[in-house]
Structure formats: structure tokens, C-alpha cells
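Peer 1: Have a look at this one.
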Amino acid sequence: MLTIEQNQEGFKLYYKDYLFLNHSQKEPIIRIGMGTAKFKFRYGSFKIKKKLQNSVYLTRFNILEKDENRIKIEFKSAIGDVALEILTNQRDLIILP
């Protein structure tokens with residue numbers, strides 16, 4: 001159900017033969033950053049004010065594990081790393097950070 005095609009620029013991830021993720025150095029799929037946020041809660045409603053101070057696109061990656069039901073990918077940058085695990089069963093697609 002899950003297939004991944006890797007090339008020099010990035011990878012394409014397919015779920016049931018449909019393109020689901022397309023990652024490349026020119027168009028990365030993950031960005032991490034640091035910032036500040038203020039949260040206000042009143043009568044069941046939230047107001048969120050956020051300010052992004054610094055962000056980096058994660059262009060480098062390693063495919064750590066892959067089979068037809070599970071793929072684990074690690075994305076890297078100078079300020080941090082992120083691992084993404086994608087699982088599938090008979091009817092669901094599950095993405096875990």
C-alpha cells in the first residue's frame with residue numbers, strides 16, 4: 001500500500017498508487033522553527049497570536065525503514081531533526097511525528 005521512490009533530489013511517497021508526499025530540495029515538505037505565542041481563552045473560544053522568529057526547511061533526509069505498510073523518514077537540519085513515521089492498515093493512513 002505504501003511505496004516510495006527516491007532520487008537525487010528527494011522522494012515521492014505513494015499511498016494506494018496515489019501520490020501523497022513529494023519532497024525535494026527545491027520544495028521540502030517539512031519546516032521547523034522557533035517563535036512565541038499568546039493564548040487567550042474566554043467562554044470556550046481560543047484566540048491565538050503567534051510570531052515566528054526563525055524557521056528552517058528540512059531538505060536533507062534519510063529513509064530509516066520501509067516496507068509496504070510502514071515507512072520511517074528522518075529529516076535533518078543544523079538546528080534540529082524530525083522523524084516522520086507513516087503507517088497503514090487495511091483502511092487507515094496514520095502519520096506519527
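Residues are referred to by chain and number: the chain letter is A, B, ... according to the order shown in the C-alpha cells, the number counts from 1 in that chain, and ligands are numbered separately from 1 in the order shown.
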Extract, using only C-alpha atoms, all DNA, RNA and protein residues at most 10 Å from Gly80 (chain A), discarding same-chain residues fewer than 2 positions from it, and format them as an mmCIF file with C-alpha atoms, in the first residue's frame.
Peer 2:
```cif
data_model
loop_
_atom_site.group_PDB
_atom_site.id
_atom_site.type_symbol
_atom_site.label_atom_id
_atom_site.label_comp_id
_atom_site.auth_asym_id
_atom_site.auth_seq_id
_atom_site.Cartn_x
_atom_site.Cartn_y
_atom_site.Cartn_z
ATOM 1 C CA ILE A 32 10.706 23.734 11.778
ATOM 2 C CA GLY A 33 11.082 26.956 13.663
ATOM 3 C CA VAL A 56 14.386 26.336 8.535
ATOM 4 C CA LEU A 58 14.411 20.412 6.294
ATOM 5 C CA PHE A 75 14.653 14.909 8.167
ATOM 6 C CA LYS A 76 17.745 16.886 9.230
ATOM 7 C CA SER A 77 18.905 20.478 9.577
ATOM 8 C CA ALA A 78 21.502 22.445 11.510
ATOM 9 C CA VAL A 82 12.444 15.409 12.839
#
```
Peer 1: Please, which residues of region 10-76 of chain A, numbered as in this document, come out strand (DSSP E or B) from DSSP, as an NGL selection string?
Peer 2: :A and (10-15 or 18-24 or 31-42 or 45-57 or 60-67 or 70-76)
Peer 1: For the residues selected in the previous step, produce a file with N, CA and C atoms as a compact mmCIF listing (two decimals), in the first residue's frame.
Peer 2:
```txt
# COMPACT_ATOMS: atom_id res chain seq x y z
N GLY A 10 15.18 14.09 -4.01
CA GLY A 10 14.22 13.88 -2.94
C GLY A 10 13.53 12.54 -3.06
N PHE A 11 12.22 12.54 -2.74
CA PHE A 11 11.46 11.30 -2.83
C PHE A 11 9.99 11.61 -3.11
N LYS A 12 9.30 10.58 -3.59
CA LYS A 12 7.85 10.62 -3.77
C LYS A 12 7.27 9.44 -3.00
N LEU A 13 6.26 9.71 -2.20
CA LEU A 13 5.61 8.68 -1.40
C LEU A 13 4.20 8.48 -1.94
N TYR A 14 3.87 7.23 -2.23
CA TYR A 14 2.57 6.88 -2.77
C TYR A 14 1.80 6.04 -1.77
N TYR A 15 0.51 6.33 -1.65
CA TYR A 15 -0.41 5.54 -0.84
C TYR A 15 -1.51 5.03 -1.76
N TYR A 18 -1.51 6.48 -5.25
CA TYR A 18 -1.73 7.92 -5.38
C TYR A 18 -0.57 8.66 -4.74
N LEU A 19 -0.09 9.69 -5.43
CA LEU A 19 1.00 10.49 -4.89
C LEU A 19 0.50 11.22 -3.64
N PHE A 20 1.16 10.96 -2.51
CA PHE A 20 0.73 11.53 -1.23
C PHE A 20 1.70 12.62 -0.76
N LEU A 21 3.00 12.38 -0.84
CA LEU A 21 4.02 13.36 -0.47
C LEU A 21 5.06 13.44 -1.57
N ASN A 22 5.50 14.66 -1.86
CA ASN A 22 6.54 14.88 -2.87
C ASN A 22 7.56 15.83 -2.26
N HIS A 23 8.68 15.30 -1.81
CA HIS A 23 9.72 16.09 -1.13
C HIS A 23 10.91 16.26 -2.06
N SER A 24 11.40 17.49 -2.15
CA SER A 24 12.63 17.76 -2.91
C SER A 24 13.38 18.89 -2.22
N ARG A 31 9.08 22.04 7.66
CA ARG A 31 9.79 23.23 8.12
C ARG A 31 9.65 23.28 9.64
N ILE A 32 10.76 23.57 10.33
CA ILE A 32 10.71 23.73 11.78
C ILE A 32 11.14 25.15 12.12
N GLY A 33 10.72 25.61 13.29
CA GLY A 33 11.08 26.96 13.66
C GLY A 33 10.87 27.23 15.13
N MET A 34 11.22 28.44 15.51
CA MET A 34 11.03 28.89 16.89
C MET A 34 10.27 30.21 16.85
N GLY A 35 9.47 30.42 17.89
CA GLY A 35 8.71 31.65 17.96
C GLY A 35 8.03 31.80 19.30
N THR A 36 7.12 32.74 19.37
CA THR A 36 6.37 32.98 20.60
C THR A 36 4.88 32.95 20.27
N ALA A 37 4.09 32.66 21.30
CA ALA A 37 2.64 32.64 21.12
C ALA A 37 1.96 33.11 22.40
N LYS A 38 0.80 33.74 22.21
CA LYS A 38 -0.05 34.13 23.33
C LYS A 38 -1.41 33.50 23.11
N PHE A 39 -1.94 32.90 24.18
CA PHE A 39 -3.22 32.22 24.12
C PHE A 39 -4.21 32.90 25.05
N LYS A 40 -5.38 33.21 24.55
CA LYS A 40 -6.46 33.74 25.38
C LYS A 40 -7.65 32.80 25.25
N PHE A 41 -8.26 32.52 26.40
CA PHE A 41 -9.40 31.61 26.44
C PHE A 41 -10.54 32.32 27.14
N ARG A 42 -11.68 32.38 26.46
CA ARG A 42 -12.83 33.02 27.08
C ARG A 42 -14.11 32.38 26.55
N SER A 45 -13.86 29.84 23.74
CA SER A 45 -13.20 30.26 22.50
C SER A 45 -11.74 30.57 22.77
N PHE A 46 -10.91 30.18 21.84
CA PHE A 46 -9.48 30.47 21.93
C PHE A 46 -9.11 31.56 20.95
N LYS A 47 -8.22 32.43 21.37
CA LYS A 47 -7.58 33.38 20.47
C LYS A 47 -6.08 33.13 20.58
N ILE A 48 -5.46 32.94 19.45
CA ILE A 48 -4.03 32.63 19.43
C ILE A 48 -3.32 33.70 18.60
N LYS A 49 -2.32 34.32 19.21
CA LYS A 49 -1.44 35.24 18.49
C LYS A 49 -0.07 34.61 18.46
N LYS A 50 0.49 34.48 17.28
CA LYS A 50 1.79 33.83 17.16
C LYS A 50 2.74 34.70 16.35
N LYS A 51 4.01 34.54 16.65
CA LYS A 51 5.05 35.26 15.93
C LYS A 51 6.21 34.31 15.70
N LEU A 52 6.48 34.03 14.44
CA LEU A 52 7.57 33.14 14.06
C LEU A 52 8.86 33.95 13.99
N GLN A 53 9.87 33.54 14.76
CA GLN A 53 11.12 34.28 14.80
C GLN A 53 12.18 33.71 13.86
N ASN A 54 12.19 32.40 13.71
CA ASN A 54 13.22 31.75 12.90
C ASN A 54 12.65 30.43 12.40
N SER A 55 12.88 30.12 11.15
CA SER A 55 12.44 28.82 10.64
C SER A 55 13.43 28.31 9.59
N VAL A 56 13.47 27.00 9.47
CA VAL A 56 14.39 26.34 8.54
C VAL A 56 13.64 25.20 7.85
N TYR A 57 13.78 25.12 6.54
CA TYR A 57 13.23 23.99 5.80
C TYR A 57 14.17 22.80 5.95
N ARG A 60 17.39 17.83 3.88
CA ARG A 60 18.12 16.56 3.93
C ARG A 60 17.27 15.50 4.61
N PHE A 61 17.37 14.26 4.15
CA PHE A 61 16.56 13.19 4.71
C PHE A 61 17.28 11.86 4.60
N ASN A 62 16.88 10.93 5.44
CA ASN A 62 17.31 9.53 5.37
C ASN A 62 16.07 8.66 5.53
N ILE A 63 15.95 7.66 4.69
CA ILE A 63 14.87 6.70 4.85
C ILE A 63 15.39 5.61 5.77
N LEU A 64 14.84 5.55 6.98
CA LEU A 64 15.33 4.63 8.00
C LEU A 64 14.74 3.23 7.86
N GLU A 65 13.46 3.14 7.55
CA GLU A 65 12.79 1.85 7.40
C GLU A 65 11.75 1.97 6.30
N LYS A 66 11.53 0.88 5.58
CA LYS A 66 10.45 0.89 4.60
C LYS A 66 9.99 -0.53 4.30
N ASP A 67 8.69 -0.69 4.28
CA ASP A 67 8.03 -1.87 3.74
C ASP A 67 6.66 -1.42 3.24
N ARG A 70 4.73 0.36 6.29
CA ARG A 70 5.40 1.27 7.24
C ARG A 70 6.62 1.89 6.59
N ILE A 71 6.74 3.21 6.73
CA ILE A 71 7.92 3.93 6.25
C ILE A 71 8.31 4.93 7.33
N LYS A 72 9.60 4.97 7.65
CA LYS A 72 10.11 5.93 8.63
C LYS A 72 11.20 6.76 7.97
N ILE A 73 11.03 8.09 8.03
CA ILE A 73 11.95 9.02 7.37
C ILE A 73 12.45 10.01 8.41
N GLU A 74 13.75 10.28 8.38
CA GLU A 74 14.35 11.27 9.26
C GLU A 74 14.76 12.47 8.42
N PHE A 75 14.30 13.66 8.82
CA PHE A 75 14.65 14.91 8.17
C PHE A 75 15.64 15.64 9.05
N LYS A 76 16.67 16.27 8.45
CA LYS A 76 17.74 16.89 9.23
C LYS A 76 17.99 18.33 8.82
```
Peer 1: Which neighbours of Met1 (chain A) fall inside 8 Å, counting only C-alpha atoms, when residues of the same chain fewer than 3 positions from it are skipped, and could you give them as a list in words?
Peer 2: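 Close residues of Met1 (chain A): Tyr14, Tyr15, Lys16, Asp17, Glu68, Asn69 and Thr88 of chain A.
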Peer 1: Next, dump the selected residues to file, keeping only C-alpha atoms, as a CSV table (one decimal), in the first residue's frame.
Peer 2:
```csv
chain,number,residue,atom,x,y,z
A,14,TYR,CA,2.6,6.9,-2.8
A,15,TYR,CA,-0.4,5.5,-0.8
A,16,LYS,CA,-2.6,3.1,-2.8
A,17,ASP,CA,-0.8,4.2,-6.0
A,68,GLU,CA,4.6,-1.9,2.2
A,69,ASN,CA,2.8,-0.9,5.5
A,88,THR,CA,-1.1,1.9,7.1
```
Peer 1: So how many Å separate CA of Leu84 (chain A) and CA of Pro97 (chain A), to one decimal?
Peer 2: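 These two atoms are separated by 4.8 Å.
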